[in-house]
file target.tsv (TSV, N, CA and C atoms and all ligand atoms)
chain	number	residue	atom	x	y	z
G	1	MET	N	-7.06	-27.59	-16.70
G	1	MET	CA	-8.42	-27.04	-16.75
G	1	MET	C	-8.59	-26.21	-18.02
G	2	THR	N	-9.71	-26.41	-18.72
G	2	THR	CA	-9.95	-25.60	-19.92
G	2	THR	C	-10.55	-24.25	-19.52
G	3	LEU	N	-10.45	-23.29	-20.44
G	3	LEU	CA	-11.07	-21.98	-20.19
G	3	LEU	C	-12.58	-22.13	-20.06
G	4	GLN	N	-13.14	-23.09	-20.83
G	4	GLN	CA	-14.59	-23.30	-20.73
G	4	GLN	C	-14.96	-23.76	-19.33
G	5	ALA	N	-14.09	-24.60	-18.73
G	5	ALA	CA	-14.35	-25.05	-17.36
G	5	ALA	C	-14.26	-23.88	-16.38
G	6	VAL	N	-13.32	-22.96	-16.64
G	6	VAL	CA	-13.18	-21.78	-15.78
G	6	VAL	C	-14.47	-20.95	-15.84
G	7	MET	N	-15.03	-20.82	-17.04
G	7	MET	CA	-16.29	-20.07	-17.19
G	7	MET	C	-17.42	-20.75	-16.43
G	8	GLY	N	-17.44	-22.08	-16.50
G	8	GLY	CA	-18.45	-22.83	-15.76
G	8	GLY	C	-18.29	-22.62	-14.26
G	9	THR	N	-17.04	-22.57	-13.80
G	9	THR	CA	-16.77	-22.34	-12.38
G	9	THR	C	-17.25	-20.95	-11.96
G	10	LEU	N	-17.03	-19.95	-12.83
G	10	LEU	CA	-17.51	-18.59	-12.53
G	10	LEU	C	-19.03	-18.59	-12.36
G	11	MET	N	-19.72	-19.27	-13.27
G	11	MET	CA	-21.19	-19.32	-13.21
G	11	MET	C	-21.66	-20.04	-11.96
G	12	LYS	N	-21.04	-21.19	-11.66
G	12	LYS	CA	-21.47	-21.98	-10.50
G	12	LYS	C	-21.18	-21.22	-9.20
G	13	THR	N	-20.00	-20.60	-9.14
G	13	THR	CA	-19.64	-19.86	-7.92
G	13	THR	C	-20.64	-18.73	-7.67
G	14	PHE	N	-20.96	-17.97	-8.74
G	14	PHE	CA	-21.94	-16.89	-8.59
G	14	PHE	C	-23.27	-17.46	-8.09
G	15	ASP	N	-23.76	-18.52	-8.75
G	15	ASP	CA	-25.07	-19.09	-8.39
G	15	ASP	C	-25.07	-19.60	-6.95
G	16	ASP	N	-23.98	-20.27	-6.55
G	16	ASP	CA	-23.92	-20.84	-5.19
G	16	ASP	C	-24.09	-19.76	-4.12
G	17	TYR	N	-23.44	-18.60	-4.33
G	17	TYR	CA	-23.51	-17.54	-3.32
G	17	TYR	C	-24.76	-16.67	-3.48
G	18	ALA	N	-25.23	-16.53	-4.73
G	18	ALA	CA	-26.39	-15.66	-4.98
G	18	ALA	C	-27.68	-16.26	-4.43
G	19	LYS	N	-27.71	-17.57	-4.25
G	19	LYS	CA	-28.95	-18.19	-3.79
G	19	LYS	C	-29.11	-18.14	-2.26
G	20	GLY	N	-28.21	-17.41	-1.59
G	20	GLY	CA	-28.28	-17.30	-0.13
G	20	GLY	C	-29.55	-16.64	0.37
G	21	ASP	N	-30.13	-15.75	-0.42
G	21	ASP	CA	-31.39	-15.11	0.00
G	21	ASP	C	-32.47	-15.42	-1.05
G	22	GLY	N	-33.56	-14.67	-1.02
G	22	GLY	CA	-34.68	-14.94	-1.92
G	22	GLY	C	-34.38	-14.67	-3.38
G	23	ASP	N	-33.38	-13.81	-3.66
G	23	ASP	CA	-33.08	-13.41	-5.04
G	23	ASP	C	-31.81	-14.10	-5.51
G	24	SER	N	-31.97	-15.16	-6.32
G	24	SER	CA	-30.80	-15.94	-6.74
G	24	SER	C	-30.14	-15.37	-7.99
G	25	SER	N	-30.63	-14.23	-8.50
G	25	SER	CA	-30.03	-13.67	-9.71
G	25	SER	C	-28.99	-12.58	-9.39
G	26	THR	N	-28.89	-12.22	-8.10
G	26	THR	CA	-27.93	-11.17	-7.72
G	26	THR	C	-27.25	-11.53	-6.40
G	27	LEU	N	-26.09	-10.89	-6.18
G	27	LEU	CA	-25.39	-11.00	-4.89
G	27	LEU	C	-25.72	-9.77	-4.06
G	28	SER	N	-26.19	-9.97	-2.83
G	28	SER	CA	-26.33	-8.86	-1.89
G	28	SER	C	-24.96	-8.60	-1.26
G	29	LYS	N	-24.86	-7.55	-0.47
G	29	LYS	CA	-23.58	-7.28	0.19
G	29	LYS	C	-23.20	-8.43	1.13
G	30	THR	N	-24.18	-8.97	1.86
G	30	THR	CA	-23.91	-10.10	2.77
G	30	THR	C	-23.39	-11.31	1.99
G	31	GLU	N	-24.04	-11.59	0.84
G	31	GLU	CA	-23.60	-12.73	0.03
G	31	GLU	C	-22.20	-12.49	-0.53
G	32	LEU	N	-21.90	-11.25	-0.90
G	32	LEU	CA	-20.55	-10.95	-1.40
G	32	LEU	C	-19.51	-11.15	-0.30
G	33	VAL	N	-19.85	-10.78	0.93
G	33	VAL	CA	-18.92	-10.97	2.05
G	33	VAL	C	-18.67	-12.47	2.24
G	34	ASN	N	-19.73	-13.28	2.18
G	34	ASN	CA	-19.58	-14.74	2.29
G	34	ASN	C	-18.67	-15.28	1.19
G	35	LEU	N	-18.88	-14.81	-0.03
G	35	LEU	CA	-18.06	-15.24	-1.17
G	35	LEU	C	-16.59	-14.86	-0.94
G	36	ALA	N	-16.36	-13.62	-0.51
G	36	ALA	CA	-14.98	-13.14	-0.31
G	36	ALA	C	-14.28	-13.94	0.78
G	37	GLN	N	-15.03	-14.26	1.86
G	37	GLN	CA	-14.42	-14.99	2.98
G	37	GLN	C	-13.96	-16.38	2.55
G	38	LYS	N	-14.74	-17.04	1.69
G	38	LYS	CA	-14.38	-18.40	1.29
G	38	LYS	C	-13.45	-18.43	0.08
G	39	GLU	N	-13.64	-17.48	-0.86
G	39	GLU	CA	-12.90	-17.53	-2.13
G	39	GLU	C	-11.62	-16.67	-2.11
G	40	PHE	N	-11.57	-15.66	-1.21
G	40	PHE	CA	-10.38	-14.80	-1.10
G	40	PHE	C	-9.99	-14.69	0.37
G	41	PRO	N	-9.61	-15.83	1.01
G	41	PRO	CA	-9.36	-15.81	2.45
G	41	PRO	C	-8.25	-14.84	2.87
G	42	ALA	N	-7.24	-14.65	2.03
G	42	ALA	CA	-6.13	-13.76	2.41
G	42	ALA	C	-6.63	-12.34	2.60
G	43	LEU	N	-7.52	-11.90	1.71
G	43	LEU	CA	-8.09	-10.55	1.80
G	43	LEU	C	-8.82	-10.36	3.12
G	44	CYS	N	-9.53	-11.40	3.53
G	44	CYS	CA	-10.38	-11.28	4.72
G	44	CYS	C	-9.59	-11.38	6.02
G	45	GLN	N	-8.28	-11.65	5.92
G	45	GLN	CA	-7.46	-11.60	7.13
G	45	GLN	C	-6.98	-10.19	7.41
G	46	SER	N	-7.18	-9.30	6.43
G	46	SER	CA	-6.75	-7.91	6.61
G	46	SER	C	-7.60	-7.23	7.67
G	47	GLN	N	-6.95	-6.37	8.47
G	47	GLN	CA	-7.69	-5.64	9.50
G	47	GLN	C	-8.64	-4.63	8.87
G	48	LYS	N	-8.36	-4.26	7.62
G	48	LYS	CA	-9.20	-3.28	6.93
G	48	LYS	C	-10.25	-3.97	6.06
G	49	LYS	N	-10.56	-5.24	6.36
G	49	LYS	CA	-11.42	-5.98	5.43
G	49	LYS	C	-12.80	-5.35	5.23
G	50	ASP	N	-13.40	-4.78	6.29
G	50	ASP	CA	-14.73	-4.17	6.13
G	50	ASP	C	-14.68	-2.99	5.15
G	51	GLU	N	-13.63	-2.18	5.33
G	51	GLU	CA	-13.43	-1.03	4.45
G	51	GLU	C	-13.19	-1.50	3.00
G	52	ILE	N	-12.34	-2.52	2.88
G	52	ILE	CA	-12.02	-3.05	1.54
G	52	ILE	C	-13.27	-3.63	0.88
G	53	LEU	N	-14.03	-4.43	1.65
G	53	LEU	CA	-15.21	-5.08	1.07
G	53	LEU	C	-16.29	-4.08	0.69
G	54	ASN	N	-16.46	-3.02	1.50
G	54	ASN	CA	-17.43	-1.98	1.14
G	54	ASN	C	-17.02	-1.30	-0.16
G	55	GLY	N	-15.70	-1.04	-0.29
G	55	GLY	CA	-15.19	-0.41	-1.51
G	55	GLY	C	-15.38	-1.31	-2.71
G	56	ILE	N	-15.10	-2.61	-2.53
G	56	ILE	CA	-15.25	-3.58	-3.62
G	56	ILE	C	-16.72	-3.66	-4.05
G	57	PHE	N	-17.62	-3.73	-3.07
G	57	PHE	CA	-19.04	-3.84	-3.41
G	57	PHE	C	-19.48	-2.62	-4.23
G	58	GLY	N	-19.02	-1.43	-3.80
G	58	GLY	CA	-19.36	-0.20	-4.52
G	58	GLY	C	-18.84	-0.21	-5.96
G	59	GLN	N	-17.62	-0.75	-6.14
G	59	GLN	CA	-17.05	-0.81	-7.49
G	59	GLN	C	-17.77	-1.84	-8.35
G	60	MET	N	-18.16	-2.96	-7.74
G	60	MET	CA	-18.84	-4.02	-8.51
G	60	MET	C	-20.23	-3.59	-8.93
G	61	ASP	N	-20.92	-2.87	-8.05
G	61	ASP	CA	-22.31	-2.48	-8.31
G	61	ASP	C	-22.35	-1.26	-9.23
G	62	MET	N	-22.12	-1.50	-10.51
G	62	MET	CA	-21.95	-0.39	-11.45
G	62	MET	C	-23.23	0.40	-11.69
G	63	ASP	N	-24.40	-0.23	-11.60
G	63	ASP	CA	-25.64	0.52	-11.84
G	63	ASP	C	-26.24	1.06	-10.54
G	64	GLY	N	-25.55	0.80	-9.41
G	64	GLY	CA	-25.95	1.42	-8.15
G	64	GLY	C	-27.27	0.93	-7.57
G	65	ASP	N	-27.70	-0.30	-7.92
G	65	ASP	CA	-28.98	-0.78	-7.36
G	65	ASP	C	-28.78	-1.57	-6.07
G	66	ASN	N	-27.56	-1.52	-5.53
G	66	ASN	CA	-27.23	-2.17	-4.25
G	66	ASN	C	-27.24	-3.70	-4.33
G	67	LYS	N	-27.13	-4.22	-5.55
G	67	LYS	CA	-27.03	-5.66	-5.78
G	67	LYS	C	-26.00	-5.87	-6.88
G	68	VAL	N	-25.35	-7.02	-6.86
G	68	VAL	CA	-24.37	-7.32	-7.91
G	68	VAL	C	-24.93	-8.44	-8.78
G	69	ASN	N	-25.19	-8.13	-10.06
G	69	ASN	CA	-25.70	-9.17	-10.97
G	69	ASN	C	-24.53	-9.91	-11.62
G	70	PHE	N	-24.84	-10.93	-12.42
G	70	PHE	CA	-23.78	-11.77	-12.96
G	70	PHE	C	-22.84	-10.97	-13.88
G	71	LYS	N	-23.42	-10.05	-14.66
G	71	LYS	CA	-22.60	-9.24	-15.56
G	71	LYS	C	-21.61	-8.39	-14.75
G	72	GLU	N	-22.10	-7.76	-13.69
G	72	GLU	CA	-21.22	-6.92	-12.85
G	72	GLU	C	-20.14	-7.78	-12.20
G	73	PHE	N	-20.52	-9.00	-11.78
G	73	PHE	CA	-19.58	-9.94	-11.15
G	73	PHE	C	-18.46	-10.31	-12.12
G	74	VAL	N	-18.82	-10.67	-13.34
G	74	VAL	CA	-17.82	-11.13	-14.32
G	74	VAL	C	-16.90	-9.99	-14.74
G	75	ILE	N	-17.46	-8.79	-14.93
G	75	ILE	CA	-16.63	-7.64	-15.29
G	75	ILE	C	-15.62	-7.37	-14.18
G	76	PHE	N	-16.07	-7.45	-12.92
G	76	PHE	CA	-15.16	-7.19	-11.80
G	76	PHE	C	-14.05	-8.25	-11.72
G	77	ILE	N	-14.43	-9.53	-11.88
G	77	ILE	CA	-13.43	-10.61	-11.83
G	77	ILE	C	-12.40	-10.41	-12.96
G	78	SER	N	-12.86	-9.98	-14.14
G	78	SER	CA	-11.95	-9.73	-15.26
G	78	SER	C	-10.97	-8.61	-14.91
G	79	CYS	N	-11.49	-7.52	-14.34
G	79	CYS	CA	-10.62	-6.39	-13.96
G	79	CYS	C	-9.61	-6.82	-12.89
G	80	LEU	N	-10.09	-7.65	-11.96
G	80	LEU	CA	-9.22	-8.15	-10.89
G	80	LEU	C	-8.11	-9.03	-11.47
G	81	THR	N	-8.46	-9.82	-12.47
G	81	THR	CA	-7.48	-10.71	-13.12
G	81	THR	C	-6.42	-9.88	-13.84
G	82	ILE	N	-6.85	-8.81	-14.51
G	82	ILE	CA	-5.91	-7.91	-15.21
G	82	ILE	C	-4.96	-7.27	-14.18
G	83	ALA	N	-5.53	-6.79	-13.06
G	83	ALA	CA	-4.70	-6.14	-12.03
G	83	ALA	C	-3.70	-7.12	-11.45
G	84	LEU	N	-4.14	-8.38	-11.26
G	84	LEU	CA	-3.26	-9.41	-10.70
G	84	LEU	C	-2.10	-9.69	-11.65
G	85	LYS	N	-2.40	-9.81	-12.95
G	85	LYS	CA	-1.33	-10.07	-13.93
G	85	LYS	C	-0.35	-8.91	-13.98
G	86	GLU	N	-0.89	-7.68	-13.94
G	86	GLU	CA	-0.01	-6.51	-14.00
G	86	GLU	C	0.87	-6.37	-12.75
G	87	SER	N	0.41	-6.97	-11.65
G	87	SER	CA	1.20	-6.87	-10.41
G	87	SER	C	2.28	-7.94	-10.34
G	88	MET	N	2.30	-8.87	-11.32
G	88	MET	CA	3.27	-9.97	-11.26
G	88	MET	C	4.61	-9.58	-11.88
X	1	CA	CA	-26.05	-3.75	-9.55
call {"tool": "encode", "arguments": {"input": "target.tsv", "output": "structure tokens"}}
result
Amino acid sequence: MTLQAVMGTLMKTFDDYAKGDGDSSTLSKTELVNLAQKEFPALCQSQKKDEILNGIFGQMDMDGDNKVNFKEFVIFISCLTIALKESM
């Protein structure tokens, strides 16, 4: 897979989950939970998943408007990727 394909996957994944409600340009908390359940199943098996997901949503929503836009989504995925590499 090329890096360009990875970027396309990021865009498509965001769009697929963001269109769950009337506003397809942002992820609501419900849409983020749906995304996490399908894309990060191991996380959602944790008994603390509600606490974890609330914390993640708060960290992703950098401007505090209670929605996650594409820029906030990509910045968070990048930070998560850095943390994953550092944990290896
Ligand atoms: Ca936001």
call {"tool": "atom_distance", "arguments": {"input": "target.tsv", "atom1": "atom CA of Glu39 of chain G", "atom2": "atom CA of Gln59 of chain G"}}
result
18.0 Å
call {"tool": "residues_around", "arguments": {"input": "target.tsv", "residues": "segment 30-33 of chain G", "least_positions_apart": "5", "cutoff": "12 Å", "atoms": "only C-alpha atoms", "output": "PDB file with N, CA and C atoms, in the frame of the given file"}}
result
ATOM      1  N   THR G  13     -20.000 -20.600  -9.140  1.00  0.00           N
ATOM      2  CA  THR G  13     -19.640 -19.860  -7.920  1.00  0.00           C
ATOM      3  C   THR G  13     -20.640 -18.730  -7.670  1.00  0.00           C
ATOM      4  N   PHE G  14     -20.960 -17.970  -8.740  1.00  0.00           N
ATOM      5  CA  PHE G  14     -21.940 -16.890  -8.590  1.00  0.00           C
ATOM      6  C   PHE G  14     -23.270 -17.460  -8.090  1.00  0.00           C
ATOM      7  N   ASP G  15     -23.760 -18.520  -8.750  1.00  0.00           N
ATOM      8  CA  ASP G  15     -25.070 -19.090  -8.390  1.00  0.00           C
ATOM      9  C   ASP G  15     -25.070 -19.600  -6.950  1.00  0.00           C
ATOM     10  N   ASP G  16     -23.980 -20.270  -6.550  1.00  0.00           N
ATOM     11  CA  ASP G  16     -23.920 -20.840  -5.190  1.00  0.00           C
ATOM     12  C   ASP G  16     -24.090 -19.760  -4.120  1.00  0.00           C
ATOM     13  N   TYR G  17     -23.440 -18.600  -4.330  1.00  0.00           N
ATOM     14  CA  TYR G  17     -23.510 -17.540  -3.320  1.00  0.00           C
ATOM     15  C   TYR G  17     -24.760 -16.670  -3.480  1.00  0.00           C
ATOM     16  N   ALA G  18     -25.230 -16.530  -4.730  1.00  0.00           N
ATOM     17  CA  ALA G  18     -26.390 -15.660  -4.980  1.00  0.00           C
ATOM     18  C   ALA G  18     -27.680 -16.260  -4.430  1.00  0.00           C
ATOM     19  N   LYS G  19     -27.710 -17.570  -4.250  1.00  0.00           N
ATOM     20  CA  LYS G  19     -28.950 -18.190  -3.790  1.00  0.00           C
ATOM     21  C   LYS G  19     -29.110 -18.140  -2.260  1.00  0.00           C
ATOM     22  N   GLY G  20     -28.210 -17.410  -1.590  1.00  0.00           N
ATOM     23  CA  GLY G  20     -28.280 -17.300  -0.130  1.00  0.00           C
ATOM     24  C   GLY G  20     -29.550 -16.640   0.370  1.00  0.00           C
ATOM     25  N   ASP G  21     -30.130 -15.750  -0.420  1.00  0.00           N
ATOM     26  CA  ASP G  21     -31.390 -15.110   0.000  1.00  0.00           C
ATOM     27  C   ASP G  21     -32.470 -15.420  -1.050  1.00  0.00           C
ATOM     28  N   GLY G  22     -33.560 -14.670  -1.020  1.00  0.00           N
ATOM     29  CA  GLY G  22     -34.680 -14.940  -1.920  1.00  0.00           C
ATOM     30  C   GLY G  22     -34.380 -14.670  -3.380  1.00  0.00           C
ATOM     31  N   ASP G  23     -33.380 -13.810  -3.660  1.00  0.00           N
ATOM     32  CA  ASP G  23     -33.080 -13.410  -5.040  1.00  0.00           C
ATOM     33  C   ASP G  23     -31.810 -14.100  -5.510  1.00  0.00           C
ATOM     34  N   SER G  24     -31.970 -15.160  -6.320  1.00  0.00           N
ATOM     35  CA  SER G  24     -30.800 -15.940  -6.740  1.00  0.00           C
ATOM     36  C   SER G  24     -30.140 -15.370  -7.990  1.00  0.00           C
ATOM     37  N   SER G  25     -30.630 -14.230  -8.500  1.00  0.00           N
ATOM     38  CA  SER G  25     -30.030 -13.670  -9.710  1.00  0.00           C
ATOM     39  C   SER G  25     -28.990 -12.580  -9.390  1.00  0.00           C
ATOM     40  N   LYS G  38     -14.740 -17.040   1.690  1.00  0.00           N
ATOM     41  CA  LYS G  38     -14.380 -18.400   1.290  1.00  0.00           C
ATOM     42  C   LYS G  38     -13.450 -18.430   0.080  1.00  0.00           C
ATOM     43  N   GLU G  39     -13.640 -17.480  -0.860  1.00  0.00           N
ATOM     44  CA  GLU G  39     -12.900 -17.530  -2.130  1.00  0.00           C
ATOM     45  C   GLU G  39     -11.620 -16.670  -2.110  1.00  0.00           C
ATOM     46  N   PHE G  40     -11.570 -15.660  -1.210  1.00  0.00           N
ATOM     47  CA  PHE G  40     -10.380 -14.800  -1.100  1.00  0.00           C
ATOM     48  C   PHE G  40      -9.990 -14.690   0.370  1.00  0.00           C
ATOM     49  N   PRO G  41      -9.610 -15.830   1.010  1.00  0.00           N
ATOM     50  CA  PRO G  41      -9.360 -15.810   2.450  1.00  0.00           C
ATOM     51  C   PRO G  41      -8.250 -14.840   2.870  1.00  0.00           C
ATOM     52  N   LEU G  43      -7.520 -11.900   1.710  1.00  0.00           N
ATOM     53  CA  LEU G  43      -8.090 -10.550   1.800  1.00  0.00           C
ATOM     54  C   LEU G  43      -8.820 -10.360   3.120  1.00  0.00           C
ATOM     55  N   CYS G  44      -9.530 -11.400   3.530  1.00  0.00           N
ATOM     56  CA  CYS G  44     -10.380 -11.280   4.720  1.00  0.00           C
ATOM     57  C   CYS G  44      -9.590 -11.380   6.020  1.00  0.00           C
ATOM     58  N   LYS G  49     -10.560  -5.240   6.360  1.00  0.00           N
ATOM     59  CA  LYS G  49     -11.420  -5.980   5.430  1.00  0.00           C
ATOM     60  C   LYS G  49     -12.800  -5.350   5.230  1.00  0.00           C
ATOM     61  N   ASP G  50     -13.400  -4.780   6.290  1.00  0.00           N
ATOM     62  CA  ASP G  50     -14.730  -4.170   6.130  1.00  0.00           C
ATOM     63  C   ASP G  50     -14.680  -2.990   5.150  1.00  0.00           C
ATOM     64  N   GLU G  51     -13.630  -2.180   5.330  1.00  0.00           N
ATOM     65  CA  GLU G  51     -13.430  -1.030   4.450  1.00  0.00           C
ATOM     66  C   GLU G  51     -13.190  -1.500   3.000  1.00  0.00           C
ATOM     67  N   ILE G  52     -12.340  -2.520   2.880  1.00  0.00           N
ATOM     68  CA  ILE G  52     -12.020  -3.050   1.540  1.00  0.00           C
ATOM     69  C   ILE G  52     -13.270  -3.630   0.880  1.00  0.00           C
ATOM     70  N   LEU G  53     -14.030  -4.430   1.650  1.00  0.00           N
ATOM     71  CA  LEU G  53     -15.210  -5.080   1.070  1.00  0.00           C
ATOM     72  C   LEU G  53     -16.290  -4.080   0.690  1.00  0.00           C
ATOM     73  N   ASN G  54     -16.460  -3.020   1.500  1.00  0.00           N
ATOM     74  CA  ASN G  54     -17.430  -1.980   1.140  1.00  0.00           C
ATOM     75  C   ASN G  54     -17.020  -1.300  -0.160  1.00  0.00           C
ATOM     76  N   GLY G  55     -15.700  -1.040  -0.290  1.00  0.00           N
ATOM     77  CA  GLY G  55     -15.190  -0.410  -1.510  1.00  0.00           C
ATOM     78  C   GLY G  55     -15.380  -1.310  -2.710  1.00  0.00           C
ATOM     79  N   ILE G  56     -15.100  -2.610  -2.530  1.00  0.00           N
ATOM     80  CA  ILE G  56     -15.250  -3.580  -3.620  1.00  0.00           C
ATOM     81  C   ILE G  56     -16.720  -3.660  -4.050  1.00  0.00           C
ATOM     82  N   PHE G  57     -17.620  -3.730  -3.070  1.00  0.00           N
ATOM     83  CA  PHE G  57     -19.040  -3.840  -3.410  1.00  0.00           C
ATOM     84  C   PHE G  57     -19.480  -2.620  -4.230  1.00  0.00           C
ATOM     85  N   GLY G  58     -19.020  -1.430  -3.800  1.00  0.00           N
ATOM     86  CA  GLY G  58     -19.360  -0.200  -4.520  1.00  0.00           C
ATOM     87  C   GLY G  58     -18.840  -0.210  -5.960  1.00  0.00           C
ATOM     88  N   MET G  60     -18.160  -2.960  -7.740  1.00  0.00           N
ATOM     89  CA  MET G  60     -18.840  -4.020  -8.510  1.00  0.00           C
ATOM     90  C   MET G  60     -20.230  -3.590  -8.930  1.00  0.00           C
ATOM     91  N   ASP G  61     -20.920  -2.870  -8.050  1.00  0.00           N
ATOM     92  CA  ASP G  61     -22.310  -2.480  -8.310  1.00  0.00           C
ATOM     93  C   ASP G  61     -22.350  -1.260  -9.230  1.00  0.00           C
ATOM     94  N   ASN G  66     -27.560  -1.520  -5.530  1.00  0.00           N
ATOM     95  CA  ASN G  66     -27.230  -2.170  -4.250  1.00  0.00           C
ATOM     96  C   ASN G  66     -27.240  -3.700  -4.330  1.00  0.00           C
ATOM     97  N   LYS G  67     -27.130  -4.220  -5.550  1.00  0.00           N
ATOM     98  CA  LYS G  67     -27.030  -5.660  -5.780  1.00  0.00           C
ATOM     99  C   LYS G  67     -26.000  -5.870  -6.880  1.00  0.00           C
ATOM    100  N   VAL G  68     -25.350  -7.020  -6.860  1.00  0.00           N
ATOM    101  CA  VAL G  68     -24.370  -7.320  -7.910  1.00  0.00           C
ATOM    102  C   VAL G  68     -24.930  -8.440  -8.780  1.00  0.00           C
ATOM    103  N   ASN G  69     -25.190  -8.130 -10.060  1.00  0.00           N
ATOM    104  CA  ASN G  69     -25.700  -9.170 -10.970  1.00  0.00           C
ATOM    105  C   ASN G  69     -24.530  -9.910 -11.620  1.00  0.00           C
ATOM    106  N   PHE G  73     -20.520  -9.000 -11.780  1.00  0.00           N
ATOM    107  CA  PHE G  73     -19.580  -9.940 -11.150  1.00  0.00           C
ATOM    108  C   PHE G  73     -18.460 -10.310 -12.120  1.00  0.00           C
TER     109      PHE G  73
END
call {"tool": "select_by_dssp", "arguments": {"input": "target.tsv", "residues": "chain G", "states": "strand (DSSP E or B)", "output": "PyMOL selection string"}}
result
chain G and resi 26-27+68-69
call {"tool": "axis_aligned_box", "arguments": {"input": "target.tsv", "around": "segment 38-53 of chain G", "padding_each_side": "5 Å", "output": "AutoDock Vina command-line options"}}
result
--center_x -11.2 --center_y -9.7 --center_z 3.7 --size_x 20.2 --size_y 27.4 --size_z 21.6
call {"tool": "atom_distance", "arguments": {"input": "target.tsv", "atom1": "atom CA of Val6 of chain G", "atom2": "atom C of Leu84 of chain G"}}
result
16.9 Å
call {"tool": "select_by_dssp", "arguments": {"input": "target.tsv", "residues": "chain G", "states": "helix (DSSP H, G or I)", "output": "VMD selection string"}}
result
chain G and resid 3 to 18 29 to 39 41 to 44 49 to 60 70 to 86
call {"tool": "closest_residue", "arguments": {"input": "target.tsv", "among": "G:Met62, G:Ala5, G:Leu35, G:Val74", "to": "ligand CA 1 (chain X)", "atoms": "only C-alpha atoms and all ligand atoms"}}
result
G:Met62
call {"tool": "closest_residue", "arguments": {"input": "target.tsv", "among": "G:Thr26, G:Ser78, G:Ser46, G:Ser87", "to": "ligand CA 1 (chain X)", "atoms": "all atoms listed in the file"}}
result
G:Thr26
call {"tool": "closest_residue", "arguments": {"input": "target.tsv", "among": "G:Asp65, G:Ala36, G:Gln47, G:Thr9", "to": "ligand CA 1 (chain X)", "atoms": "only N, CA and C atoms and all ligand atoms"}}
result
G:Asp65
call {"tool": "closest_residue", "arguments": {"input": "target.tsv", "among": "G:Met88, G:Phe70, G:Cys79, G:Lys29", "to": "Leu10 of chain G", "atoms": "only C-alpha atoms"}}
result
G:Phe70
call {"tool": "closest_residue", "arguments": {"input": "target.tsv", "among": "G:Asp63, G:Thr81, G:Phe76, G:Gln37", "to": "ligand CA 1 (chain X)", "atoms": "all atoms listed in the file"}}
result
G:Asp63
call {"tool": "closest_residue", "arguments": {"input": "target.tsv", "among": "G:Leu3, G:Gly8, G:Lys71, G:Gln45", "to": "ligand CA 1 (chain X)", "atoms": "only C-alpha atoms and all ligand atoms"}}
result
G:Lys71
call {"tool": "decode", "arguments": {"input": "target.tsv", "residues": "segment 50-78 of chain G", "atoms": "C-alpha atoms", "output": "compact mmCIF listing (two decimals), in the first residue's frame"}}
result
# COMPACT_ATOMS: atom_id res chain seq x y z
CA ASP G 50 -16.74 4.75 27.99
CA GLU G 51 -14.19 6.59 30.10
CA ILE G 52 -11.49 6.09 27.46
CA LEU G 53 -13.75 7.22 24.59
CA ASN G 54 -14.89 10.34 26.46
CA GLY G 55 -11.24 11.21 27.11
CA ILE G 56 -10.31 10.59 23.48
CA PHE G 57 -13.19 12.73 22.21
CA GLY G 58 -12.10 15.57 24.51
CA GLN G 59 -8.51 15.33 23.25
CA MET G 60 -9.56 15.20 19.60
CA ASP G 61 -11.94 18.16 19.88
CA MET G 62 -9.19 20.77 20.13
CA ASP G 63 -11.41 23.84 19.54
CA GLY G 64 -14.04 22.59 22.01
CA ASP G 65 -17.05 22.85 19.68
CA ASN G 66 -18.17 19.31 20.63
CA LYS G 67 -17.51 18.02 17.11
CA VAL G 68 -14.40 16.53 15.51
CA ASN G 69 -13.52 17.96 12.09
CA PHE G 70 -11.18 16.33 9.57
CA LYS G 71 -8.17 18.38 10.71
CA GLU G 72 -8.71 17.38 14.35
CA PHE G 73 -9.17 13.74 13.25
CA VAL G 74 -5.92 13.63 11.25
CA ILE G 75 -3.88 15.35 13.97
CA PHE G 76 -5.17 12.83 16.52
CA ILE G 77 -4.44 9.82 14.25
CA SER G 78 -0.90 11.19 13.72
